[in-house]
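Here is start_38.cif, consisting of mmCIF, C-alpha atoms:
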data_entry
#
loop_
_atom_site.label_atom_id
_atom_site.label_comp_id
_atom_site.auth_asym_id
_atom_site.auth_seq_id
_atom_site.Cartn_x
_atom_site.Cartn_y
_atom_site.Cartn_z
CA MET A 39 -111.85 53.87 85.38
CA THR A 40 -111.89 55.51 81.98
CA GLU A 41 -109.33 53.98 79.69
CA PRO A 42 -106.25 56.18 79.51
CA THR A 43 -106.17 55.88 75.74
CA ASP A 44 -109.58 57.51 75.31
CA PRO A 45 -108.83 60.27 72.74
CA LEU A 46 -111.31 62.66 74.32
CA ALA A 47 -109.65 62.19 77.72
CA ARG A 48 -106.30 62.86 76.10
CA GLU A 49 -107.63 66.00 74.47
CA LEU A 50 -109.03 67.22 77.77
CA ARG A 51 -105.70 66.67 79.50
CA ALA A 52 -103.95 68.60 76.75
CA LEU A 53 -106.50 71.39 77.13
CA GLY A 54 -105.82 71.53 80.87
CA ALA A 55 -102.11 71.81 80.20
CA ASP A 56 -102.78 74.71 77.81
CA LEU A 57 -104.88 76.81 80.14
CA PRO A 58 -102.79 79.53 81.68
CA VAL A 59 -102.51 79.83 85.44
CA SER A 60 -100.09 82.27 86.98
CA GLU A 61 -97.73 81.24 89.74
CA PRO A 62 -98.90 82.01 93.28
CA SER A 63 -97.68 85.44 94.28
CA ALA A 64 -94.61 85.76 96.46
CA THR A 65 -96.68 87.14 99.33
CA LEU A 66 -99.11 84.23 99.52
CA THR A 67 -97.08 82.03 101.85
CA ALA A 68 -96.25 84.97 104.10
CA ALA A 69 -99.91 86.01 104.26
CA VAL A 70 -101.01 82.48 105.17
CA MET A 71 -98.31 82.08 107.79
CA ALA A 72 -99.13 85.43 109.40
CA ARG A 73 -102.78 84.43 109.76
CA VAL A 74 -101.95 80.94 110.93
CA ALA A 75 -99.65 82.31 113.64
CA ALA A 76 -102.72 83.65 115.42
CA GLU A 77 -104.35 80.20 115.49
CA PRO A 78 -103.84 77.53 118.12
CA VAL A 79 -101.57 74.63 117.13
CA PRO A 80 -103.77 72.02 115.41
CA ALA A 81 -103.01 69.23 117.85
CA ARG A 82 -103.82 65.64 117.13
CA PRO A 83 -106.98 64.56 118.92
CA THR A 84 -106.56 61.80 121.42
CA ARG A 85 -109.09 59.22 120.34
CA ILE A 86 -111.15 58.45 123.35
CA THR A 87 -111.63 54.79 122.52
CA GLY A 88 -107.88 54.25 122.13
CA TRP A 89 -107.20 56.24 125.24
CA ILE A 90 -109.69 54.26 127.25
CA LYS A 91 -108.32 50.99 125.98
CA ALA A 92 -104.77 51.98 126.77
CA LYS A 93 -105.12 53.76 130.06
CA TRP A 94 -108.47 52.95 131.42
CA ARG A 95 -108.96 49.23 131.20
CA ALA A 96 -106.48 48.57 133.98
CA LEU A 97 -108.43 50.83 136.25
CA VAL A 98 -111.75 49.36 135.24
CA SER A 99 -110.86 46.04 136.82
CA LEU A 100 -110.32 47.88 140.09
CA LEU A 101 -113.57 49.68 139.72
CA THR A 102 -115.75 46.71 138.86
CA GLY A 103 -119.15 47.28 140.29
CA LEU A 104 -118.69 50.99 140.45
CA VAL A 105 -120.08 53.43 137.97
CA LEU A 106 -117.45 54.23 135.38
CA VAL A 107 -116.97 57.86 136.28
CA ALA A 108 -113.94 59.67 137.49
CA ALA A 109 -112.44 63.09 137.35
CA LEU A 110 -109.18 63.14 135.46
CA THR A 111 -106.22 63.45 137.73
CA PRO A 112 -103.65 66.01 136.57
CA PRO A 113 -101.09 63.55 135.08
CA VAL A 114 -103.84 61.84 133.13
CA ARG A 115 -105.12 65.17 131.95
CA ALA A 116 -101.67 65.95 130.61
CA ALA A 117 -101.83 62.69 128.65
CA VAL A 118 -105.10 63.80 127.09
CA ALA A 119 -103.16 66.77 125.71
CA GLU A 120 -104.70 69.88 124.30
CA TRP A 121 -107.78 68.35 122.91
CA LEU A 122 -109.93 65.36 122.59
CA GLY A 123 -111.88 64.29 119.52
CA PHE A 124 -115.18 62.67 120.25
CA GLY A 125 -117.42 62.11 117.26
CA ALA A 126 -118.51 65.48 115.96
CA VAL A 127 -117.27 67.23 119.08
CA GLU A 128 -113.79 68.47 119.80
CA VAL A 129 -113.01 69.32 123.40
CA ARG A 130 -110.10 71.63 124.07
CA THR A 131 -108.82 72.10 127.55
CA SER A 132 -107.76 75.51 128.65
CA THR A 133 -105.83 76.75 131.62
CA GLY A 134 -106.69 79.85 133.56
CA ALA A 135 -109.73 80.86 135.51
CA PRO A 136 -112.96 79.33 134.25
CA PRO A 137 -115.98 81.56 133.69
CA THR A 138 -118.53 81.33 136.44
CA THR A 139 -121.85 82.09 134.83
CA THR A 140 -123.77 80.09 132.26
CA GLN A 141 -126.84 80.85 130.23
CA PRO A 142 -129.69 78.42 129.69
CA PRO A 143 -129.32 76.64 126.35
CA PRO A 144 -130.87 78.45 123.37
CA THR A 145 -134.31 77.15 122.56
CA ALA A 146 -134.84 75.18 119.37
CA GLY A 147 -137.78 77.15 118.05
CA GLY A 148 -138.62 75.24 114.90
CA GLY A 149 -142.09 73.85 114.51
CA LEU A 150 -141.04 70.65 112.78
CA THR A 151 -142.40 67.27 113.72
CA VAL A 152 -140.05 64.41 114.52
CA GLU A 153 -141.04 62.77 111.24
CA GLN A 154 -140.26 65.91 109.24
CA ALA A 155 -136.86 66.22 110.93
CA ARG A 156 -136.13 62.56 110.21
CA SER A 157 -136.93 63.02 106.53
CA MET A 158 -134.56 65.99 106.28
CA VAL A 159 -131.35 64.37 107.51
CA ASP A 160 -129.58 61.17 106.56
CA PHE A 161 -129.08 59.78 110.05
CA ASP A 162 -131.34 58.23 112.67
CA VAL A 163 -132.90 60.87 114.87
CA VAL A 164 -133.30 59.86 118.50
CA VAL A 165 -136.09 61.12 120.76
CA PRO A 166 -135.62 60.55 124.49
CA THR A 167 -138.90 59.39 125.99
CA GLU A 168 -137.95 60.53 129.49
CA LEU A 169 -138.77 64.19 128.81
CA GLY A 170 -142.00 63.78 126.87
CA PRO A 171 -142.54 65.34 123.46
CA PRO A 172 -140.11 68.18 122.65
CA SER A 173 -141.49 71.72 122.58
CA GLY A 174 -139.48 72.63 119.50
CA ILE A 175 -137.50 70.82 116.79
CA GLU A 176 -135.27 72.41 114.20
CA VAL A 177 -132.84 71.27 111.54
CA SER A 178 -129.76 73.36 110.70
CA ALA A 179 -129.69 75.00 107.28
CA ASP A 180 -126.93 72.62 106.18
CA ARG A 181 -129.01 69.67 107.41
CA VAL A 182 -126.23 68.48 109.63
CA VAL A 183 -127.76 69.06 113.05
CA VAL A 184 -131.18 68.26 114.50
CA SER A 185 -131.92 70.23 117.67
CA MET A 186 -134.77 69.70 120.13
CA SER A 187 -135.83 71.71 123.14
CA TRP A 188 -137.92 70.99 126.19
CA THR A 189 -139.23 73.93 128.15
CA ASN A 190 -139.06 72.15 131.48
CA GLY A 191 -135.46 72.63 132.53
CA PRO A 192 -134.87 73.98 129.92
CA VAL A 193 -133.07 71.14 128.17
CA ARG A 194 -131.61 71.05 124.67
CA LEU A 195 -130.53 68.04 122.62
CA ASP A 196 -128.36 68.40 119.49
CA GLN A 197 -127.74 65.44 117.18
CA VAL A 198 -124.98 65.65 114.59
CA GLY A 199 -124.52 63.21 111.71
CA ALA A 200 -121.15 61.63 110.87
CA ARG A 201 -118.48 64.28 110.16
CA LEU A 202 -114.98 64.31 108.80
CA ALA A 203 -114.03 67.04 111.22
CA PRO A 204 -115.50 68.33 114.47
CA TYR A 205 -118.73 70.25 114.37
CA PHE A 206 -118.82 71.64 117.87
CA VAL A 207 -115.64 72.92 119.40
CA LYS A 208 -115.83 73.19 123.16
CA THR A 209 -113.32 74.74 125.46
CA VAL A 210 -113.41 73.42 128.99
CA TRP A 211 -111.38 74.40 131.99
CA ASP A 212 -111.34 71.59 134.44
CA GLN A 213 -114.34 69.49 134.02
CA ILE A 214 -114.05 66.54 131.64
CA LYS A 215 -115.43 63.39 133.19
CA PHE A 216 -116.04 60.06 131.53
CA THR A 217 -119.25 58.16 131.91
CA THR A 218 -121.23 55.69 129.84
CA VAL A 219 -124.52 55.74 127.97
CA ARG A 220 -125.81 52.24 127.22
CA GLY A 221 -122.33 50.87 127.75
CA GLY A 222 -120.75 53.28 125.24
CA GLU A 223 -118.24 55.94 126.26
CA ALA A 224 -119.66 59.34 127.03
CA LEU A 225 -118.27 62.67 128.18
CA TRP A 226 -119.74 64.70 131.00
CA LEU A 227 -118.80 68.36 131.01
CA GLU A 228 -119.79 70.04 134.23
CA GLY A 229 -119.98 73.77 134.63
CA PRO A 230 -119.58 76.51 132.08
CA HIS A 231 -117.69 75.85 128.88
CA ARG A 232 -117.36 77.66 125.60
CA VAL A 233 -119.02 76.30 122.43
CA VAL A 234 -118.46 77.32 118.83
CA VAL A 235 -119.69 75.62 115.69
CA GLN A 236 -117.16 74.58 113.06
CA SER A 237 -117.85 73.28 109.58
CA PRO A 238 -115.86 70.38 108.07
CA ASP A 239 -113.45 72.67 106.27
CA GLY A 240 -112.42 74.46 109.44
CA THR A 241 -114.64 77.53 109.12
CA GLN A 242 -115.87 78.57 112.51
CA ARG A 243 -119.32 80.02 112.41
CA ASP A 244 -119.66 83.72 113.02
CA GLU A 245 -122.40 83.36 115.56
CA PRO A 246 -121.02 84.30 118.95
CA ALA A 247 -119.49 81.61 121.06
CA ARG A 248 -121.59 81.00 124.09
CA LEU A 249 -121.09 79.52 127.52
CA ALA A 250 -122.92 76.27 127.95
CA GLY A 251 -123.92 74.60 131.18
CA ASN A 252 -123.70 70.93 132.12
CA THR A 253 -123.52 68.80 129.02
CA LEU A 254 -123.50 65.09 128.29
CA ILE A 255 -121.98 63.95 124.98
CA TRP A 256 -122.37 60.46 123.61
CA GLN A 257 -122.49 58.63 120.29
CA ALA A 258 -124.96 56.23 118.73
CA GLY A 259 -124.50 54.66 115.31
CA GLY A 260 -122.20 57.37 113.94
CA VAL A 261 -124.35 60.17 115.33
CA THR A 262 -122.98 62.42 118.04
CA LEU A 263 -125.49 63.67 120.59
CA ARG A 264 -125.15 66.44 123.13
CA LEU A 265 -127.65 67.03 125.87
CA GLU A 266 -127.46 70.31 127.69
CA GLY A 267 -129.40 71.71 130.60
CA ASP A 268 -129.58 72.20 134.31
CA LEU A 269 -129.21 68.47 134.98
CA ASP A 270 -126.96 66.36 137.12
CA ARG A 271 -124.98 63.54 135.53
CA ALA A 272 -127.26 60.73 136.64
CA ARG A 273 -130.34 62.49 135.28
CA ALA A 274 -128.60 63.32 132.00
CA VAL A 275 -127.59 59.68 131.53
CA GLU A 276 -131.10 58.57 132.38
CA ILE A 277 -132.53 60.87 129.70
CA ALA A 278 -129.89 59.77 127.18
CA GLU A 279 -130.64 56.12 127.76
CA SER A 280 -134.37 56.67 127.33
CA GLY A 281 -133.88 57.49 123.62
CA ASN A 282 -135.39 55.07 121.13
CA HIS A 283 -132.10 54.20 119.44
CA MET B 246 -98.12 66.97 109.22
CA ALA B 247 -96.84 65.55 112.50
CA ARG B 248 -94.37 68.42 112.69
CA VAL B 249 -97.15 70.97 112.25
CA ARG B 250 -99.16 69.37 115.02
CA ALA B 251 -96.10 69.36 117.22
CA GLY B 252 -96.15 73.15 116.96
CA ASP B 253 -93.56 73.56 114.21
CA ALA B 254 -95.18 76.44 112.33
CA GLY B 255 -92.40 76.47 109.73
CA ALA B 256 -93.43 72.98 108.66
CA TYR B 257 -96.77 74.36 107.57
CA GLY B 258 -94.88 76.91 105.49
CA ASP B 259 -93.29 73.99 103.63
CA LEU B 260 -96.71 72.47 102.97
CA VAL B 261 -98.02 75.83 101.76
CA ARG B 262 -95.11 76.32 99.37
CA ARG B 263 -95.41 72.78 98.04
CA HIS B 264 -99.15 72.88 97.36
CA ALA B 265 -99.99 76.53 96.64
CA GLY B 266 -99.40 76.16 92.89
CA THR B 267 -101.73 73.18 92.53
CA ALA B 268 -104.30 74.85 94.76
CA LEU B 269 -104.23 77.99 92.63
CA ARG B 270 -104.61 75.95 89.46
CA ALA B 271 -107.61 74.16 90.96
CA ALA B 272 -109.20 77.44 92.07
CA VAL B 273 -108.79 78.95 88.59
CA PHE B 274 -110.10 75.87 86.77
CA LEU B 275 -113.08 75.58 89.10
CA GLY B 276 -114.04 79.17 88.35
CA ALA B 277 -112.58 81.43 91.03
CA GLY B 278 -111.35 83.83 88.34
CA ALA B 279 -109.58 86.90 89.65
CA ASP B 280 -110.28 85.84 93.25
CA ALA B 281 -108.32 82.61 92.91
CA GLU B 282 -105.43 83.73 95.06
CA ASP B 283 -107.75 84.92 97.85
CA VAL B 284 -109.53 81.58 97.68
CA VAL B 285 -106.22 79.76 98.06
CA GLN B 286 -105.15 81.91 100.99
CA GLU B 287 -108.46 81.36 102.77
CA SER B 288 -108.33 77.63 102.06
CA LEU B 289 -104.83 77.26 103.45
CA VAL B 290 -105.83 79.00 106.68
CA LYS B 291 -108.89 76.79 107.01
CA ALA B 292 -106.86 73.69 106.25
CA TYR B 293 -104.51 74.64 109.07
CA ARG B 294 -107.38 75.01 111.51
CA ALA B 295 -108.82 71.64 110.61
CA LEU B 296 -105.48 69.87 110.52
CA GLY B 297 -105.97 68.34 113.95
CA GLY B 298 -108.81 66.20 112.66
CA PHE B 299 -106.82 65.13 109.63
CA ARG B 300 -106.30 61.38 109.38
CA ASP B 301 -102.68 60.27 109.70
CA GLY B 302 -101.19 59.01 106.46
CA ALA B 303 -103.95 60.48 104.30
CA PRO B 304 -102.63 62.62 101.44
CA PHE B 305 -102.78 66.36 102.08
CA ARG B 306 -103.27 67.48 98.49
CA PRO B 307 -106.79 66.17 97.71
CA TRP B 308 -107.95 67.24 101.13
CA LEU B 309 -106.67 70.79 100.55
CA LEU B 310 -108.20 70.80 97.07
CA ARG B 311 -111.52 69.84 98.56
CA ILE B 312 -111.44 72.96 100.70
CA VAL B 313 -110.40 74.99 97.63
CA ALA B 314 -113.29 73.49 95.63
CA ASN B 315 -115.78 74.34 98.39
CA GLU B 316 -114.44 77.85 98.80
CA THR B 317 -114.61 78.43 95.06
CA ARG B 318 -118.14 77.18 94.96
CA ASN B 319 -119.18 79.45 97.84
CA LEU B 320 -117.54 82.37 96.10
CA ARG B 321 -119.43 81.71 92.86
CA ARG B 322 -122.69 81.28 94.71
CA SER B 323 -122.36 84.49 96.66
CA ALA B 324 -121.31 86.31 93.48
CA SER B 325 -124.43 85.13 91.68
CA ARG B 326 -126.56 86.04 94.71
CA ARG B 327 -125.16 89.53 94.54
CA GLY B 328 -126.53 89.64 91.02
CA ALA B 329 -123.25 89.41 89.19
CA THR B 330 -123.95 88.16 85.71
CA GLU B 331 -123.16 84.47 85.66
CA ALA B 332 -119.53 84.58 84.63
CA ALA B 333 -119.41 84.27 80.88
CA SER B 334 -116.82 81.56 81.19
CA VAL B 335 -115.44 79.57 84.04
CA LEU B 336 -112.20 78.55 82.43
CA PRO B 337 -109.50 80.90 81.21
CA GLU B 338 -108.72 81.21 77.51
CA PRO B 339 -106.02 78.77 76.41
CA VAL B 340 -102.68 80.27 75.50
CA SER B 341 -102.49 80.57 71.75
CA ASP B 342 -99.72 78.34 70.56
CA PRO B 343 -98.39 79.46 67.17
CA GLU B 344 -97.37 75.84 66.51
CA LEU B 345 -100.98 74.76 66.59
CA SER B 346 -102.86 74.48 63.31
CA VAL B 347 -106.01 76.47 62.74
CA GLU B 348 -108.02 73.23 62.93
CA ALA B 349 -106.44 72.24 66.21
CA ARG B 350 -107.12 75.66 67.68
CA ALA B 351 -110.71 75.58 66.51
CA ARG B 352 -111.12 72.13 67.97
CA ARG B 353 -109.72 73.30 71.30
CA ALA B 354 -112.13 76.23 71.35
CA GLU B 355 -115.02 73.87 70.61
CA LEU B 356 -113.95 71.60 73.41
CA LEU B 357 -113.77 74.52 75.81
CA THR B 358 -117.22 75.72 74.79
CA ALA B 359 -118.68 72.24 75.18
CA LEU B 360 -117.08 71.93 78.59
CA GLU B 361 -118.46 75.28 79.72
CA ALA B 362 -121.92 74.22 78.59
CA LEU B 363 -121.96 71.10 80.78
CA PRO B 364 -124.09 71.06 83.92
CA GLU B 365 -122.01 72.09 86.93
CA SER B 366 -121.47 68.66 88.45
CA TYR B 367 -120.32 67.21 85.11
CA ARG B 368 -118.00 70.11 84.50
CA ARG B 369 -116.50 69.75 87.98
CA VAL B 370 -115.79 66.06 87.58
CA VAL B 371 -114.19 66.51 84.15
CA THR B 372 -112.15 69.44 85.46
CA CYS B 373 -110.80 67.43 88.40
CA ARG B 374 -110.22 64.20 86.58
CA TYR B 375 -108.67 65.49 83.35
CA LEU B 376 -107.84 69.18 83.43
CA LEU B 377 -106.26 68.86 86.88
CA GLU B 378 -105.23 65.25 86.19
CA LEU B 379 -106.35 63.89 89.55
CA ASP B 380 -107.04 60.18 89.85
CA GLU B 381 -110.45 58.80 90.60
CA ARG B 382 -109.87 58.51 94.33
CA GLU B 383 -108.54 62.07 94.61
CA THR B 384 -111.47 63.35 92.55
CA ALA B 385 -113.88 61.64 94.94
CA THR B 386 -112.18 63.33 97.90
CA VAL B 387 -112.08 66.75 96.26
CA LEU B 388 -115.73 66.73 95.23
CA GLY B 389 -116.89 64.90 98.35
CA TRP B 390 -118.70 62.27 96.31
CA PRO B 391 -118.56 58.47 96.56
CA ARG B 392 -116.24 56.92 93.98
CA GLY B 393 -119.17 55.30 92.20
CA THR B 394 -120.69 58.74 91.68
CA VAL B 395 -117.43 60.05 90.25
CA LYS B 396 -117.31 57.16 87.83
CA SER B 397 -120.92 57.44 86.65
CA ARG B 398 -120.95 61.24 86.36
CA LEU B 399 -117.66 61.18 84.53
CA SER B 400 -118.87 58.71 81.95
CA ARG B 401 -122.11 60.66 81.47
CA ALA B 402 -120.14 63.88 81.15
CA LEU B 403 -117.88 62.37 78.51
CA ARG B 404 -120.89 61.06 76.62
CA ARG B 405 -122.43 64.52 76.59
CA LEU B 406 -119.18 66.07 75.46
CA ARG B 407 -118.96 63.57 72.60
CA VAL B 408 -122.50 64.36 71.52
CA SER B 409 -121.94 68.11 71.51
CA LEU B 410 -118.65 67.71 69.67
CA GLU B 411 -119.95 65.36 66.99
CA PRO B 412 -121.01 67.93 64.39
CA VAL B 413 -117.47 69.25 64.45
CA ASP B 414 -116.07 65.80 63.81
CA ALA B 415 -118.41 65.31 60.87
CA GLY B 416 -118.04 68.71 59.25
CA SER B 417 -114.95 70.85 59.09
CA GLU B 418 -113.95 74.23 60.45
CA ALA B 419 -116.90 75.85 58.79
CA HIS B 420 -117.26 78.63 61.28
CA ASP B 421 -114.73 80.99 62.62
#
Would it be possible to restate this file's structure as structure tokens?
Amino acid sequence: MTEPTDPLARELRALGADLPVSEPSATLTAAVMARVAAEPVPARPTRITGWIKAKWRALVSLLTGLVLVAALTPPVRAAVAEWLGFGAVEVRTSTGAPPTTTQPPPTAGGGLTVEQARSMVDFDVVVPTELGPPSGIEVSADRVVVSMSWTNGPVRLDQVGARLAPYFVKTVWDQIKFTTVRGGEALWLEGPHRVVVQSPDGTQRDEPARLAGNTLIWQAGGVTLRLEGDLDRARAVEIAESGNH
Amino acid sequence: MARVRAGDAGAYGDLVRRHAGTALRAAVFLGAGADAEDVVQESLVKAYRALGGFRDGAPFRPWLLRIVANETRNLRRSASRRGATEAASVLPEPVSDPELSVEARARRAELLTALEALPESYRRVVTCRYLLELDERETATVLGWPRGTVKSRLSRALRRLRVSLEPVDAGSEAHD
């Protein structure tokens, strides 16, 4: 810490106090509140680990020997509240009729090699061996996401480094299931759900929201991974666990 | 914060009223110029959207100022992409205080010029730490840097300021 008696520091503080800044206009608060009224209430995420510890462990003893997968029963779903924070992904539940059609995941078209992608981001990039070499690898412009595609399926894998706030916001209707990948908690979203991309400061990207198909979400060493494609849960987990973590 | 998450929209109004002044000051000092109020409005809406992910017990102000700092930076970048001449000055002119001696006023102008001439990251850290009077931890949050980086850049920035101010210390108010 710079010593508070530093004369230059004192001068700079005095300069700051002398620079004129007008008061915020009277309409600012009203303008903000009018815009905010159109937004959903920013509910607290239910941390999945805490939730599992609190509500799930009791059930686990009953389910020993069984795969740790279950659909949420309605009372439990109510406990999960409006949304669930899971690494870089936020899952919001929505009522109403779910959409019925999905599109195949967009193809990662980049011609990067795994090594190039690894050198561009500051987290460990995983490559599942189960699917063979990816047909395309790309890194987002902000170097936050590494995406890979495989043409057989097609299957897409997105890997997101540690975030302060969610990166993908997904809206699901009825289909959150819990599963595990290498013993860690994972989410399985079955059927169409809506995906938008959000930056740490809350900006949601302009690119159109799209409807995604079956998706497995898990975490490894601070990285959040989402695997999307025409897969069933068992196959998705198998692919996820084949990654060289 | 808990009240906002519980759906009490009015509670966010209280937060807005409490922090809008500081946010505006930060936007102006970081170079938002005439767009400062728009920057603050945008930042407050974004802060609301991201509030769900906000850690309980963490202070709201530095987190809001971080959004303001990012918004201001984006604004300046897109302005310079559009070919706007790099704003002649980032900081506003100080109010002229008739109490101040000619020397003191000259010194203040020198300081302002030296500050403007600093590389961007140095100017940002000095602005946060001294002009906005944030502490080291808050500065780290606002700029999104580790605390060690704040400390080292700040001391380098001060060293550079001292160097560029030295001739003034040695001589007198030779120039107007």
Between chain B and chain A, at 8 Å or less, what are the per-residue closest atom pairs and their distances in Å? Count only C-alpha atoms, order by chain and rising residue number, and return it as CSV.
residue,atom,partner,partner_atom,distance
B:Val249,CA,A:Pro80,CA,7.4
B:Arg250,CA,A:Ala81,CA,4.8
B:Ala251,CA,A:Ala81,CA,6.9
B:Gly252,CA,A:Val79,CA,5.6
B:Ala254,CA,A:Ala75,CA,7.5
B:Tyr257,CA,A:Met71,CA,7.9
B:Gly258,CA,A:Met71,CA,6.6
B:Val261,CA,A:Thr67,CA,6.3
B:Arg262,CA,A:Thr67,CA,6.5
B:Ala265,CA,A:Pro62,CA,6.5
B:Gly266,CA,A:Pro62,CA,5.9
B:Leu269,CA,A:Pro62,CA,6.7
B:Arg270,CA,A:Val59,CA,6.0
B:Val273,CA,A:Val59,CA,7.1
B:Glu282,CA,A:Pro62,CA,7.0
B:Gln286,CA,A:Val70,CA,5.9
B:Glu287,CA,A:Val70,CA,7.9
B:Leu289,CA,A:Val70,CA,6.7
B:Val290,CA,A:Val74,CA,6.1
B:Lys291,CA,A:Gly240,CA,4.9
B:Ala292,CA,A:Gly240,CA,6.5
B:Tyr293,CA,A:Pro80,CA,6.9
B:Arg294,CA,A:Gly240,CA,5.5
B:Ala295,CA,A:Gly240,CA,4.7
B:Leu296,CA,A:Pro80,CA,5.6
B:Gly297,CA,A:Pro80,CA,4.5
B:Gly298,CA,A:Ala203,CA,5.5
B:Phe299,CA,A:Ala203,CA,7.6
B:Ile312,CA,A:Asp239,CA,5.9
B:Leu336,CA,A:Leu57,CA,7.9
B:Pro337,CA,A:Leu57,CA,6.3
B:Glu338,CA,A:Leu57,CA,6.4
B:Pro339,CA,A:Leu57,CA,4.4
B:Val340,CA,A:Asp56,CA,6.0
B:Arg353,CA,A:Leu53,CA,6.9
B:Leu356,CA,A:Leu50,CA,7.9
B:Tyr375,CA,A:Arg51,CA,5.0
B:Leu376,CA,A:Gly54,CA,4.0
B:Leu377,CA,A:Gly54,CA,6.6
B:Glu378,CA,A:Arg51,CA,6.9
B:Glu381,CA,A:Met39,CA,7.3
B:Lys396,CA,A:Met39,CA,6.8
B:Ser400,CA,A:Thr40,CA,7.7
B:Leu403,CA,A:Leu46,CA,7.8
B:Arg407,CA,A:Leu46,CA,7.9
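Shown here are all protein and nucleic acid residues lying within 8 Å of (-108.6, 78.0, 93.0), with all atoms listed in the file considered: Ala268, Leu269, Arg270, Ala271, Ala272, Val273, Phe274, Leu275, Gly276, Ala277, Gly278, Ala281, Glu282, Val284, Val285, Val313, Ala314 and Thr317 of chain B.
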How big is the axis-aligned box, and where does its centre sit, when it encloses all atoms of stretch 64-81 of chain A listed in the file and has 5 Å added on every side, reported in Å to one decimal as AutoDock Vina command-line options?
--center_x -99.5 --center_y 78.2 --center_z 107.3 --size_x 19.7 --size_y 27.9 --size_z 31.7
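Taking atom CA of A:Ala146 and atom CA of A:Ser187 as the two end points, the separation is 5.2 Å.
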Residues near B:Leu388, anyone? I mean within 10 Å using only C-alpha atoms, not counting same-chain ones fewer than 5 positions away, as a PDB file with C-alpha atoms, in the frame of the given file.
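Output saved as around-v2.pdb:
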ATOM      1  CA  PRO B 307    -106.790  66.170  97.710  1.00  0.00           C
ATOM      2  CA  TRP B 308    -107.950  67.240 101.130  1.00  0.00           C
ATOM      3  CA  LEU B 310    -108.200  70.800  97.070  1.00  0.00           C
ATOM      4  CA  ARG B 311    -111.520  69.840  98.560  1.00  0.00           C
ATOM      5  CA  ILE B 312    -111.440  72.960 100.700  1.00  0.00           C
ATOM      6  CA  ALA B 314    -113.290  73.490  95.630  1.00  0.00           C
ATOM      7  CA  ASN B 315    -115.780  74.340  98.390  1.00  0.00           C
ATOM      8  CA  SER B 366    -121.470  68.660  88.450  1.00  0.00           C
ATOM      9  CA  ARG B 369    -116.500  69.750  87.980  1.00  0.00           C
ATOM     10  CA  VAL B 370    -115.790  66.060  87.580  1.00  0.00           C
ATOM     11  CA  CYS B 373    -110.800  67.430  88.400  1.00  0.00           C
ATOM     12  CA  GLU B 383    -108.540  62.070  94.610  1.00  0.00           C
ATOM     13  CA  VAL B 395    -117.430  60.050  90.250  1.00  0.00           C
TER      14      VAL B 395
END
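Between atom CA of A:Leu263 and atom CA of A:Ala155 lies a distance of 15.1 Å.
Atom CA of A:Asn252 to atom CA of A:Ser280 spans 18.4 Å [interatomic distance, one decimal].
Distances here use only C-alpha atoms; by that measure, the residue among A:Thr65, A:Ile175, A:Thr43, A:Glu168 closest to A:Gln154 is A:Ile175.
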*asked:* If we count all atoms listed in the file and set the cut-off at 10 Å, which residues sit around stretch 182-186 of chain A, ignoring sequence neighbours fewer than 5 positions away in its own chain? Please answer as a VMD selection string.
replied: chain A and resid 145 to 148 150 152 155 to 156 158 to 161 163 to 165 171 to 177 193 to 201 205 237 261 to 265
Keeping C-alpha atoms, export the residues of the selection given above as a short mmCIF file (atom, residue, chain, number, x, y, z; two decimals), keeping the file's coordinate frame.
data_model
loop_
_atom_site.label_atom_id
_atom_site.label_comp_id
_atom_site.auth_asym_id
_atom_site.auth_seq_id
_atom_site.Cartn_x
_atom_site.Cartn_y
_atom_site.Cartn_z
CA THR A 145 -134.31 77.15 122.56
CA ALA A 146 -134.84 75.18 119.37
CA GLY A 147 -137.78 77.15 118.05
CA GLY A 148 -138.62 75.24 114.90
CA LEU A 150 -141.04 70.65 112.78
CA VAL A 152 -140.05 64.41 114.52
CA ALA A 155 -136.86 66.22 110.93
CA ARG A 156 -136.13 62.56 110.21
CA MET A 158 -134.56 65.99 106.28
CA VAL A 159 -131.35 64.37 107.51
CA ASP A 160 -129.58 61.17 106.56
CA PHE A 161 -129.08 59.78 110.05
CA VAL A 163 -132.90 60.87 114.87
CA VAL A 164 -133.30 59.86 118.50
CA VAL A 165 -136.09 61.12 120.76
CA PRO A 171 -142.54 65.34 123.46
CA PRO A 172 -140.11 68.18 122.65
CA SER A 173 -141.49 71.72 122.58
CA GLY A 174 -139.48 72.63 119.50
CA ILE A 175 -137.50 70.82 116.79
CA GLU A 176 -135.27 72.41 114.20
CA VAL A 177 -132.84 71.27 111.54
CA VAL A 193 -133.07 71.14 128.17
CA ARG A 194 -131.61 71.05 124.67
CA LEU A 195 -130.53 68.04 122.62
CA ASP A 196 -128.36 68.40 119.49
CA GLN A 197 -127.74 65.44 117.18
CA VAL A 198 -124.98 65.65 114.59
CA GLY A 199 -124.52 63.21 111.71
CA ALA A 200 -121.15 61.63 110.87
CA ARG A 201 -118.48 64.28 110.16
CA TYR A 205 -118.73 70.25 114.37
CA SER A 237 -117.85 73.28 109.58
CA VAL A 261 -124.35 60.17 115.33
CA THR A 262 -122.98 62.42 118.04
CA LEU A 263 -125.49 63.67 120.59
CA ARG A 264 -125.15 66.44 123.13
CA LEU A 265 -127.65 67.03 125.87
#
